[in-house]
$ cat coords_15.txt   # compact mmCIF, C-alpha atoms
# COMPACT_ATOMS: atom_id res chain seq x y z
CA MET A 1 98.94 -94.50 128.26
CA SER A 2 98.70 -97.34 130.81
CA PHE A 3 100.54 -97.07 134.11
CA PHE A 4 102.97 -99.78 132.99
CA GLU A 5 103.81 -97.70 129.92
CA ARG A 6 104.26 -94.62 132.13
CA LEU A 7 106.41 -96.71 134.46
CA LYS A 8 108.59 -97.89 131.59
CA SER A 9 108.87 -94.33 130.31
CA GLY A 10 109.63 -93.03 133.81
CA LEU A 11 112.36 -95.62 134.23
CA GLU A 12 114.01 -94.64 130.93
CA LYS A 13 117.11 -93.04 132.50
CA THR A 14 117.58 -95.86 134.98
CA ARG A 15 116.86 -98.51 132.34
CA GLU A 16 119.41 -97.02 129.95
CA SER A 17 122.01 -96.75 132.71
CA VAL A 18 121.54 -100.31 133.96
CA SER A 19 121.16 -101.97 130.55
CA SER A 20 124.17 -100.19 129.01
CA LYS A 21 126.43 -101.25 131.88
CA VAL A 22 125.18 -104.84 132.04
CA ASN A 23 125.04 -105.33 128.28
CA SER A 24 128.60 -104.03 127.89
CA VAL A 25 129.82 -106.72 130.29
CA PHE A 26 128.06 -109.47 128.36
CA SER A 27 129.43 -108.10 125.09
CA ALA A 28 133.00 -107.87 126.37
CA PHE A 29 133.30 -111.53 127.38
CA THR A 30 133.18 -114.62 125.21
CA LYS A 31 133.79 -116.90 128.21
CA ILE A 32 131.77 -116.88 131.43
CA ASP A 33 134.54 -116.94 134.04
CA GLU A 34 135.56 -115.20 137.28
CA ASP A 35 136.58 -112.05 135.40
CA PHE A 36 133.10 -111.88 133.89
CA PHE A 37 131.42 -112.00 137.29
CA GLU A 38 133.82 -109.42 138.72
CA GLU A 39 132.97 -107.02 135.89
CA LEU A 40 129.26 -107.72 136.33
CA LEU A 41 129.55 -106.98 140.06
CA GLU A 42 131.14 -103.62 139.31
CA ALA A 43 128.45 -102.83 136.71
CA LEU A 44 125.66 -103.55 139.21
CA ILE A 45 127.32 -101.42 141.89
CA MET A 46 127.63 -98.57 139.38
CA SER A 47 123.89 -98.97 138.70
CA ASP A 48 123.16 -97.80 142.26
CA MET A 49 122.26 -101.29 143.39
CA GLY A 50 124.60 -101.01 146.36
CA ALA A 51 127.66 -103.17 147.09
CA GLU A 52 125.89 -105.66 149.37
CA THR A 53 122.98 -106.25 146.99
CA ALA A 54 125.21 -106.36 143.89
CA GLU A 55 127.40 -108.98 145.55
CA TYR A 56 124.35 -111.06 146.49
CA VAL A 57 122.99 -110.91 142.94
CA THR A 58 126.36 -111.77 141.39
CA GLU A 59 127.09 -114.68 143.73
CA THR A 60 123.58 -116.08 143.32
CA LEU A 61 123.89 -115.84 139.54
CA LYS A 62 127.30 -117.51 139.62
CA SER A 63 125.90 -120.37 141.71
CA ARG A 64 122.92 -120.91 139.39
CA VAL A 65 125.04 -120.77 136.24
CA LYS A 66 127.37 -123.38 137.72
CA SER A 67 124.65 -125.70 139.08
CA LYS A 68 122.57 -125.53 135.88
CA ARG A 69 125.65 -125.60 133.66
CA ILE A 70 124.43 -122.62 131.66
CA GLU A 71 126.69 -121.37 128.90
CA ASP A 72 124.28 -119.40 126.73
CA LYS A 73 124.47 -115.66 127.50
CA GLU A 74 120.79 -115.06 126.86
CA GLN A 75 119.93 -117.71 129.43
CA ILE A 76 122.28 -116.09 131.90
CA LYS A 77 120.57 -112.74 131.33
CA GLU A 78 117.22 -114.36 132.06
CA GLU A 79 118.62 -115.82 135.29
CA LEU A 80 119.87 -112.36 136.25
CA LYS A 81 116.43 -110.83 135.68
CA GLU A 82 114.80 -113.62 137.67
CA ILE A 83 117.09 -113.11 140.67
CA ILE A 84 116.32 -109.39 140.78
CA ALA A 85 112.59 -110.01 140.34
CA GLU A 86 112.77 -112.44 143.27
CA ILE A 87 114.32 -109.75 145.48
CA LEU A 88 111.56 -107.29 144.62
CA THR A 89 108.69 -109.76 144.98
CA ALA A 90 109.96 -111.26 148.25
CA LYS A 91 108.37 -108.43 150.26
CA ASP A 92 104.70 -107.70 150.84
CA THR A 93 104.20 -104.58 148.72
CA LYS A 94 100.44 -104.35 149.29
CA MET A 95 98.85 -101.75 151.55
CA HIS A 96 96.80 -103.24 154.40
CA LEU A 97 93.91 -100.87 155.04
CA GLU A 98 90.89 -103.01 155.81
CA THR A 99 89.45 -101.17 158.84
CA THR A 100 87.31 -98.03 158.87
CA PRO A 101 89.16 -95.85 159.49
CA SER A 102 92.66 -97.04 158.61
CA VAL A 103 95.69 -94.83 159.28
CA ILE A 104 98.66 -93.98 157.07
CA LEU A 105 101.48 -92.15 158.87
CA VAL A 106 103.89 -90.49 156.42
CA ILE A 107 107.44 -89.49 157.36
CA GLY A 108 110.48 -88.24 155.44
CA VAL A 109 113.03 -85.44 155.34
CA ASN A 110 112.18 -82.07 153.83
CA GLY A 111 112.51 -81.87 150.06
CA VAL A 112 111.78 -85.50 149.16
CA GLY A 113 108.23 -84.79 148.04
CA LYS A 114 106.41 -85.82 151.21
CA THR A 115 103.51 -83.36 151.03
CA THR A 116 103.09 -83.92 147.29
CA SER A 117 103.05 -87.69 147.82
CA ILE A 118 100.36 -87.38 150.49
CA GLY A 119 98.20 -85.32 148.14
CA LYS A 120 98.65 -87.79 145.30
CA MET A 121 97.98 -90.73 147.62
CA ALA A 122 94.78 -89.03 148.82
CA SER A 123 93.71 -88.65 145.19
CA PHE A 124 94.58 -92.30 144.51
CA TYR A 125 92.28 -93.53 147.28
CA LYS A 126 89.57 -90.99 146.44
CA SER A 127 89.51 -92.41 142.92
CA GLN A 128 88.71 -95.79 144.49
CA GLY A 129 85.67 -94.32 146.22
CA LYS A 130 87.32 -93.99 149.63
CA LYS A 131 86.55 -91.14 152.03
CA VAL A 132 89.94 -89.65 152.88
CA LEU A 133 90.93 -87.23 155.64
CA LEU A 134 94.31 -85.48 155.87
CA ALA A 135 96.05 -84.41 159.10
CA ALA A 136 98.54 -81.52 158.86
CA ALA A 137 100.91 -82.52 161.68
CA ASP A 138 104.09 -81.12 160.08
CA THR A 139 103.51 -77.96 162.09
CA PHE A 140 107.08 -76.66 162.36
CA ARG A 141 108.03 -76.39 158.67
CA ALA A 142 107.12 -73.07 157.13
CA ALA A 143 104.16 -73.28 154.73
CA ALA A 144 103.76 -77.06 155.22
CA ILE A 145 100.15 -76.66 156.37
CA GLU A 146 99.27 -74.38 153.44
CA GLN A 147 100.85 -76.82 150.96
CA LEU A 148 98.85 -79.71 152.35
CA GLU A 149 95.68 -77.58 152.21
CA GLU A 150 96.28 -77.02 148.49
CA TRP A 151 96.65 -80.75 147.91
CA ALA A 152 93.51 -81.46 149.96
CA ASP A 153 91.62 -79.11 147.64
CA ARG A 154 93.06 -80.76 144.54
CA ALA A 155 92.26 -84.24 145.82
CA GLY A 156 88.82 -83.20 147.04
CA CYS A 157 89.18 -84.29 150.65
CA ASP A 158 88.94 -82.68 154.10
CA ILE A 159 91.89 -81.63 156.23
CA ILE A 160 92.44 -81.25 159.97
CA LYS A 161 94.93 -78.53 160.87
CA ASN A 162 96.02 -76.17 163.62
CA LYS A 163 98.28 -73.14 163.84
CA GLU A 164 101.93 -73.25 162.82
CA ASN A 165 104.21 -74.49 165.66
CA SER A 166 101.30 -76.16 167.45
CA ASP A 167 101.67 -79.62 168.99
CA PRO A 168 101.70 -82.25 166.17
CA ALA A 169 100.21 -84.92 168.44
CA ALA A 170 97.28 -82.60 169.23
CA VAL A 171 96.54 -82.33 165.50
CA ILE A 172 96.62 -86.12 165.20
CA PHE A 173 94.29 -86.40 168.21
CA ASP A 174 91.75 -84.09 166.53
CA ALA A 175 92.16 -85.93 163.23
CA CYS A 176 91.54 -89.35 164.81
CA ARG A 177 88.37 -88.05 166.46
CA ALA A 178 87.23 -86.46 163.19
CA ALA A 179 87.97 -89.61 161.17
CA LYS A 180 85.72 -91.63 163.48
CA ALA A 181 82.95 -89.02 163.62
CA ARG A 182 82.88 -88.49 159.84
CA GLY A 183 83.06 -92.17 158.92
CA CYS A 184 86.31 -91.78 156.98
CA ASP A 185 87.91 -94.79 155.36
CA ILE A 186 91.49 -93.53 155.46
CA LEU A 187 93.30 -90.98 157.62
CA ILE A 188 96.62 -89.82 156.15
CA CYS A 189 98.91 -88.04 158.62
CA ASP A 190 101.71 -85.70 157.57
CA THR A 191 104.58 -85.56 160.09
CA ALA A 192 107.81 -83.64 160.56
CA GLY A 193 111.08 -84.88 159.09
CA ARG A 194 113.80 -83.25 161.15
CA LEU A 195 116.26 -86.11 160.93
CA HIS A 196 119.09 -83.86 162.12
CA ASN A 197 117.31 -83.64 165.47
CA LYS A 198 116.82 -87.36 165.92
CA ALA A 199 115.97 -87.38 169.65
CA ASN A 200 113.16 -84.84 169.26
CA LEU A 201 111.87 -86.59 166.14
CA MET A 202 111.75 -89.93 167.93
CA ALA A 203 109.90 -88.40 170.88
CA GLU A 204 107.42 -86.72 168.54
CA LEU A 205 106.74 -89.86 166.50
CA ASN A 206 106.33 -91.92 169.67
CA LYS A 207 103.83 -89.41 171.03
CA ILE A 208 101.87 -89.47 167.76
CA ALA A 209 101.89 -93.29 167.77
CA ARG A 210 100.51 -93.34 171.33
CA VAL A 211 97.70 -90.97 170.38
CA ILE A 212 96.72 -93.09 167.37
CA GLU A 213 96.85 -96.28 169.44
CA LYS A 214 94.64 -94.77 172.14
CA GLU A 215 92.09 -93.18 169.78
CA LEU A 216 92.06 -95.86 167.06
CA PRO A 217 93.32 -99.04 168.77
CA ASP A 218 91.78 -101.44 166.26
CA ALA A 219 92.70 -99.50 163.11
CA ASP A 220 95.00 -100.90 160.45
CA LYS A 221 98.14 -98.76 160.36
CA GLU A 222 100.82 -98.19 157.74
CA THR A 223 103.93 -96.08 158.37
CA LEU A 224 105.46 -94.99 155.08
CA ILE A 225 108.76 -93.20 154.53
CA VAL A 226 109.08 -90.96 151.48
CA LEU A 227 112.43 -91.28 149.68
CA ASP A 228 113.75 -89.33 146.71
CA ALA A 229 115.14 -91.71 144.07
CA GLU A 230 117.43 -88.94 142.79
CA THR A 231 119.51 -89.15 146.00
CA GLY A 232 120.58 -92.72 145.21
CA GLN A 233 122.31 -94.52 148.05
CA ASN A 234 121.62 -91.59 150.38
CA ALA A 235 117.97 -92.67 150.27
CA VAL A 236 119.03 -96.09 151.56
CA SER A 237 120.79 -94.36 154.47
CA GLN A 238 117.66 -92.32 155.25
CA ALA A 239 115.57 -95.50 155.31
CA LYS A 240 118.03 -97.07 157.73
CA LEU A 241 118.09 -94.04 160.05
CA PHE A 242 114.32 -93.55 160.09
CA SER A 243 113.76 -97.25 160.73
CA GLU A 244 115.63 -96.73 164.00
CA THR A 245 113.00 -94.21 165.12
CA ALA A 246 109.82 -95.63 163.61
CA ASP A 247 108.28 -98.97 162.72
CA ILE A 248 108.32 -98.40 158.97
CA THR A 249 106.03 -100.69 156.99
CA GLY A 250 106.77 -99.36 153.51
CA ILE A 251 108.38 -96.83 151.20
CA ILE A 252 107.04 -94.21 148.82
CA LEU A 253 109.74 -93.71 146.19
CA THR A 254 109.43 -90.37 144.40
CA LYS A 255 111.04 -88.68 141.38
CA ILE A 256 112.14 -91.94 139.77
CA ASP A 257 111.33 -90.49 136.35
CA GLY A 258 114.05 -87.85 136.71
CA THR A 259 116.98 -90.06 137.70
CA ALA A 260 119.24 -92.86 136.52
CA LYS A 261 119.45 -94.14 140.10
CA GLY A 262 116.29 -96.25 140.18
CA GLY A 263 118.41 -99.28 141.01
CA ILE A 264 118.14 -98.25 144.65
CA VAL A 265 114.71 -99.92 144.71
CA ILE A 266 116.52 -103.27 144.60
CA SER A 267 119.05 -102.17 147.22
CA ILE A 268 116.37 -100.94 149.62
CA SER A 269 114.31 -104.11 149.22
CA LYS A 270 117.31 -106.38 149.87
CA GLU A 271 119.31 -104.50 152.48
CA GLN A 272 116.68 -102.66 154.52
CA ASN A 273 113.98 -105.34 154.34
CA ILE A 274 111.39 -102.62 153.70
CA PRO A 275 108.97 -103.03 150.78
CA VAL A 276 108.33 -100.24 148.28
CA LYS A 277 104.56 -99.64 148.39
CA PHE A 278 104.12 -96.57 146.16
CA ILE A 279 106.19 -95.24 143.28
CA GLY A 280 106.07 -91.83 141.62
CA VAL A 281 106.85 -91.62 137.90
CA GLY A 282 105.82 -88.07 137.03
CA GLU A 283 104.33 -84.75 138.08
CA ARG A 284 100.66 -85.46 137.42
CA ILE A 285 98.32 -86.14 140.32
CA ASP A 286 97.76 -89.72 139.09
CA ASP A 287 101.47 -90.48 138.62
CA LEU A 288 101.76 -92.02 142.10
CA GLN A 289 100.59 -95.62 142.07
CA GLU A 290 100.88 -98.73 144.17
CA PHE A 291 104.16 -100.51 143.49
CA ASP A 292 103.98 -103.66 141.37
CA ALA A 293 107.28 -105.52 141.76
CA GLU A 294 106.85 -107.73 138.72
CA SER A 295 105.94 -104.80 136.46
CA PHE A 296 108.90 -102.81 137.81
CA ALA A 297 111.35 -105.63 137.16
CA LYS A 298 109.91 -106.17 133.68
CA ALA A 299 110.12 -102.47 132.84
CA LEU A 300 113.61 -101.99 134.31
CA PHE A 301 115.21 -104.90 132.47
CA SER A 302 113.33 -104.78 129.20
CA ASP A 303 116.50 -103.67 127.36
CA ILE A 304 118.84 -106.32 128.77

$ encode --input "coords_15.txt" --output "structure tokens"
Amino acid sequence: MSFFERLKSGLEKTRESVSSKVNSVFSAFTKIDEDFFEELLEALIMSDMGAETAEYVTETLKSRVKSKRIEDKEQIKEELKEIIAEILTAKDTKMHLETTPSVILVIGVNGVGKTTSIGKMASFYKSQGKKVLLAAADTFRAAAIEQLEEWADRAGCDIIKNKENSDPAAVIFDACRAAKARGCDILICDTAGRLHNKANLMAELNKIARVIEKELPDADKETLIVLDAETGQNAVSQAKLFSETADITGIILTKIDGTAKGGIVISISKEQNIPVKFIGVGERIDDLQEFDAESFAKALFSDI
């Protein structure tokens, strides 16, 4: 099964939720009027697209239908798909890791699948022939280091670690030195996600950033936040809060195969101005792949 087919399968719950709501609006109206657009707005909001994004999509669609004088419903559906595809493709979803080494800093609250995503991402780059090193800097969460060790074994890459409750920045320092000495292509750093203690988290992330800048000043850097698609609009709130403490360059969206709330991808892209860079559509080690906006839009709206 190709990744697009797995993506389409993984989006089944979201696709059914979105398509049933949108299709019911188109079926209920014979005339494209203000009532139609109001119902469509509500349907998009109920699809976890978020009020702001749903309003933008609806108003843009209304404007295009009016300016192009479109009356055919199938044409209107195509315009709707195009608007959403434009939102998703407006951001740079590619990872920029040209230097040796390059650094990926991964953040996210506990329970979103952060450690699992790091392991799968390590496997993804290993499969491309990259030499990957992991840094276990989530030192305060019980068993976090052991979990990352297990993923390092599965992915077949080395790991830099220290004792539980040790200084996270010290682990990153050792990892940066090791990445240079071992000729690694990519250093992936696990970090703590104690969002409830925002001041300490900000101080910790700033310290880590300073260490990386000092040890690897010329390295390409990506800071990715891991979000759980199952949490819907709460994931959008997490992205907003974390973006206040870190310079986030992209999102890893996990567990999209188990939820009907995949519409948050559109909301995050539009409202938070943060591109989705990886998407998880299953439990297998190769079920985390780089995000392809056009494929996502095509898979999500294939039933509309």

$ closest_atom_pairs --input "coords_15.txt" --of "stretch 166-284 of chain A" --to "stretch 132-153 of chain A" --cutoff "7 Å" --atoms "all atoms listed in the file" --output "tab-separated table"
residue	atom	partner	partner_atom	distance
A:Ser166	CA	A:Thr139	CA	6.1
A:Pro168	CA	A:Ala137	CA	4.6
A:Val171	CA	A:Ala137	CA	5.8
A:Ile172	CA	A:Ala135	CA	6.4
A:Ala175	CA	A:Ala135	CA	5.9
A:Ala179	CA	A:Leu133	CA	6.7
A:Cys184	CA	A:Val132	CA	5.9
A:Asp185	CA	A:Val132	CA	6.1
A:Ile186	CA	A:Val132	CA	4.9
A:Leu187	CA	A:Leu133	CA	4.9
A:Ile188	CA	A:Leu134	CA	4.9
A:Cys189	CA	A:Ala135	CA	4.6
A:Asp190	CA	A:Ala137	CA	5.3
A:Thr191	CA	A:Asp138	CA	4.5
A:Ala192	CA	A:Asp138	CA	4.5

$ residues_around --input "coords_15.txt" --residues "stretch 49-66 of chain A" --least-positions-apart "2" --cutoff "10 Å" --atoms "all atoms listed in the file" --output "NGL selection string"
:A and (18 or 32-34 or 36-47 or 68-72 or 75-77 or 79-84 or 87 or 232-233 or 236 or 261-271)

$ write_last_selection --input "coords_15.txt" --atoms "C-alpha atoms" --output "tab-separated table (two decimals), in the frame of the given file"
chain	number	residue	atom	x	y	z
A	18	VAL	CA	121.54	-100.31	133.96
A	32	ILE	CA	131.77	-116.88	131.43
A	33	ASP	CA	134.54	-116.94	134.04
A	34	GLU	CA	135.56	-115.20	137.28
A	36	PHE	CA	133.10	-111.88	133.89
A	37	PHE	CA	131.42	-112.00	137.29
A	38	GLU	CA	133.82	-109.42	138.72
A	39	GLU	CA	132.97	-107.02	135.89
A	40	LEU	CA	129.26	-107.72	136.33
A	41	LEU	CA	129.55	-106.98	140.06
A	42	GLU	CA	131.14	-103.62	139.31
A	43	ALA	CA	128.45	-102.83	136.71
A	44	LEU	CA	125.66	-103.55	139.21
A	45	ILE	CA	127.32	-101.42	141.89
A	46	MET	CA	127.63	-98.57	139.38
A	47	SER	CA	123.89	-98.97	138.70
A	68	LYS	CA	122.57	-125.53	135.88
A	69	ARG	CA	125.65	-125.60	133.66
A	70	ILE	CA	124.43	-122.62	131.66
A	71	GLU	CA	126.69	-121.37	128.90
A	72	ASP	CA	124.28	-119.40	126.73
A	75	GLN	CA	119.93	-117.71	129.43
A	76	ILE	CA	122.28	-116.09	131.90
A	77	LYS	CA	120.57	-112.74	131.33
A	79	GLU	CA	118.62	-115.82	135.29
A	80	LEU	CA	119.87	-112.36	136.25
A	81	LYS	CA	116.43	-110.83	135.68
A	82	GLU	CA	114.80	-113.62	137.67
A	83	ILE	CA	117.09	-113.11	140.67
A	84	ILE	CA	116.32	-109.39	140.78
A	87	ILE	CA	114.32	-109.75	145.48
A	232	GLY	CA	120.58	-92.72	145.21
A	233	GLN	CA	122.31	-94.52	148.05
A	236	VAL	CA	119.03	-96.09	151.56
A	261	LYS	CA	119.45	-94.14	140.10
A	262	GLY	CA	116.29	-96.25	140.18
A	263	GLY	CA	118.41	-99.28	141.01
A	264	ILE	CA	118.14	-98.25	144.65
A	265	VAL	CA	114.71	-99.92	144.71
A	266	ILE	CA	116.52	-103.27	144.60
A	267	SER	CA	119.05	-102.17	147.22
A	268	ILE	CA	116.37	-100.94	149.62
A	269	SER	CA	114.31	-104.11	149.22
A	270	LYS	CA	117.31	-106.38	149.87
A	271	GLU	CA	119.31	-104.50	152.48

$ closest_residue --input "coords_15.txt" --among "A:Phe296, A:Asp48, A:Gly119, A:Lys207" --to "A:Ser17" --atoms "all atoms listed in the file"
A:Asp48

$ residues_around --input "coords_15.txt" --residues "stretch 218-224 of chain A" --least-positions-apart "5" --cutoff "8 Å" --atoms "only C-alpha atoms" --output "number ranges by chain"
A: 95-107, 213, 246-252

$ closest_residue --input "coords_15.txt" --among "A:Ile160, A:Val25, A:Ala239, A:Val112" --to "A:Lys255" --atoms "all atoms listed in the file"
A:Val112

$ residues_near_point --input "coords_15.txt" --point "(107.0, -103.1, 151.1)" --cutoff "9 Å" --atoms "all atoms listed in the file" --output "PyMOL selection string"
chain A and resi 88+91-95+249-251+269+273-278+291

$ atom_distance --input "coords_15.txt" --atom1 "atom CA of A:Val109" --atom2 "atom CA of A:Arg210"
21.8 Å

$ atom_distance --input "coords_15.txt" --atom1 "atom CA of A:Ser19" --atom2 "atom CA of A:Ala85"
15.3 Å

$ atom_distance --input "coords_15.txt" --atom1 "atom CA of A:Glu215" --atom2 "atom CA of A:Cys157"
21.3 Å

$ residues_around --input "coords_15.txt" --residues "A:Glu16" --least-positions-apart "2" --cutoff "10 Å" --atoms "only C-alpha atoms" --output "ChimeraX atom specification"
/A:11-14,18-22,260,300-304

$ write_last_selection --input "coords_15.txt" --atoms "C-alpha atoms" --output "short mmCIF file (atom, residue, chain, number, x, y, z; two decimals), in the coordinates of the input"
data_model
loop_
_atom_site.label_atom_id
_atom_site.label_comp_id
_atom_site.auth_asym_id
_atom_site.auth_seq_id
_atom_site.Cartn_x
_atom_site.Cartn_y
_atom_site.Cartn_z
CA LEU A 11 112.36 -95.62 134.23
CA GLU A 12 114.01 -94.64 130.93
CA LYS A 13 117.11 -93.04 132.50
CA THR A 14 117.58 -95.86 134.98
CA VAL A 18 121.54 -100.31 133.96
CA SER A 19 121.16 -101.97 130.55
CA SER A 20 124.17 -100.19 129.01
CA LYS A 21 126.43 -101.25 131.88
CA VAL A 22 125.18 -104.84 132.04
CA ALA A 260 119.24 -92.86 136.52
CA LEU A 300 113.61 -101.99 134.31
CA PHE A 301 115.21 -104.90 132.47
CA SER A 302 113.33 -104.78 129.20
CA ASP A 303 116.50 -103.67 127.36
CA ILE A 304 118.84 -106.32 128.77
#

$ closest_residue --input "coords_15.txt" --among "A:Ile256, A:Asn23, A:Gln272, A:Ala169" --to "A:Ala203" --atoms "all atoms listed in the file"
A:Ala169

$ closest_residue --input "coords_15.txt" --among "A:Ile159, A:Val281, A:Ala297, A:Leu288" --to "A:Arg6" --atoms "all atoms listed in the file"
A:Val281

$ decode --input "coords_15.txt" --residues "stretch 75-91 of chain A" --atoms "N, CA, C and O atoms" --output "CSV table (one decimal), in the first residue's frame"
chain,number,residue,atom,x,y,z
A,75,GLN,N,-19.2,22.6,-9.4
A,75,GLN,CA,-18.2,23.6,-9.6
A,75,GLN,C,-17.9,24.3,-8.3
A,75,GLN,O,-16.7,24.6,-8.0
A,76,ILE,N,-18.9,24.5,-7.5
A,76,ILE,CA,-18.7,25.2,-6.2
A,76,ILE,C,-17.9,24.3,-5.3
A,76,ILE,O,-17.1,24.7,-4.5
A,77,LYS,N,-18.2,23.0,-5.3
A,77,LYS,CA,-17.4,22.0,-4.5
A,77,LYS,C,-16.0,22.1,-4.9
A,77,LYS,O,-15.1,22.0,-4.1
A,78,GLU,N,-15.7,22.2,-6.2
A,78,GLU,CA,-14.3,22.2,-6.7
A,78,GLU,C,-13.6,23.5,-6.2
A,78,GLU,O,-12.5,23.5,-5.8
A,79,GLU,N,-14.4,24.6,-6.2
A,79,GLU,CA,-13.8,25.9,-5.6
A,79,GLU,C,-13.5,25.7,-4.2
A,79,GLU,O,-12.5,26.2,-3.7
A,80,LEU,N,-14.4,25.0,-3.4
A,80,LEU,CA,-14.2,24.8,-2.0
A,80,LEU,C,-12.9,24.0,-1.8
A,80,LEU,O,-12.1,24.4,-0.9
A,81,LYS,N,-12.7,22.9,-2.5
A,81,LYS,CA,-11.5,22.1,-2.4
A,81,LYS,C,-10.3,22.9,-2.7
A,81,LYS,O,-9.2,22.8,-2.0
A,82,GLU,N,-10.4,23.8,-3.7
A,82,GLU,CA,-9.2,24.6,-4.1
A,82,GLU,C,-8.8,25.6,-3.1
A,82,GLU,O,-7.6,25.8,-2.8
A,83,ILE,N,-9.8,26.2,-2.4
A,83,ILE,CA,-9.5,27.2,-1.4
A,83,ILE,C,-8.8,26.5,-0.2
A,83,ILE,O,-7.8,27.0,0.3
A,84,ILE,N,-9.2,25.3,0.2
A,84,ILE,CA,-8.6,24.6,1.3
A,84,ILE,C,-7.2,24.1,0.9
A,84,ILE,O,-6.3,24.2,1.7
A,85,ALA,N,-7.1,23.6,-0.3
A,85,ALA,CA,-5.7,23.2,-0.8
A,85,ALA,C,-4.8,24.4,-0.8
A,85,ALA,O,-3.6,24.3,-0.5
A,86,GLU,N,-5.3,25.6,-1.1
A,86,GLU,CA,-4.4,26.8,-1.1
A,86,GLU,C,-3.9,27.1,0.3
A,86,GLU,O,-2.8,27.5,0.4
A,87,ILE,N,-4.8,26.9,1.3
A,87,ILE,CA,-4.4,27.2,2.7
A,87,ILE,C,-3.3,26.3,3.0
A,87,ILE,O,-2.3,26.7,3.6
A,88,LEU,N,-3.4,25.0,2.7
A,88,LEU,CA,-2.4,24.0,3.1
A,88,LEU,C,-1.1,24.1,2.4
A,88,LEU,O,0.0,23.9,2.9
A,89,THR,N,-1.2,24.6,1.1
A,89,THR,CA,0.0,24.6,0.3
A,89,THR,C,0.7,26.0,0.4
A,89,THR,O,1.8,26.2,-0.2
A,90,ALA,N,0.1,26.9,1.1
A,90,ALA,CA,0.7,28.3,1.3
A,90,ALA,C,1.9,28.3,2.1
A,90,ALA,O,2.7,29.2,2.1
A,91,LYS,N,2.1,27.3,3.0
A,91,LYS,CA,3.2,27.2,3.9
A,91,LYS,C,4.3,26.3,3.3
A,91,LYS,O,4.0,25.4,2.6
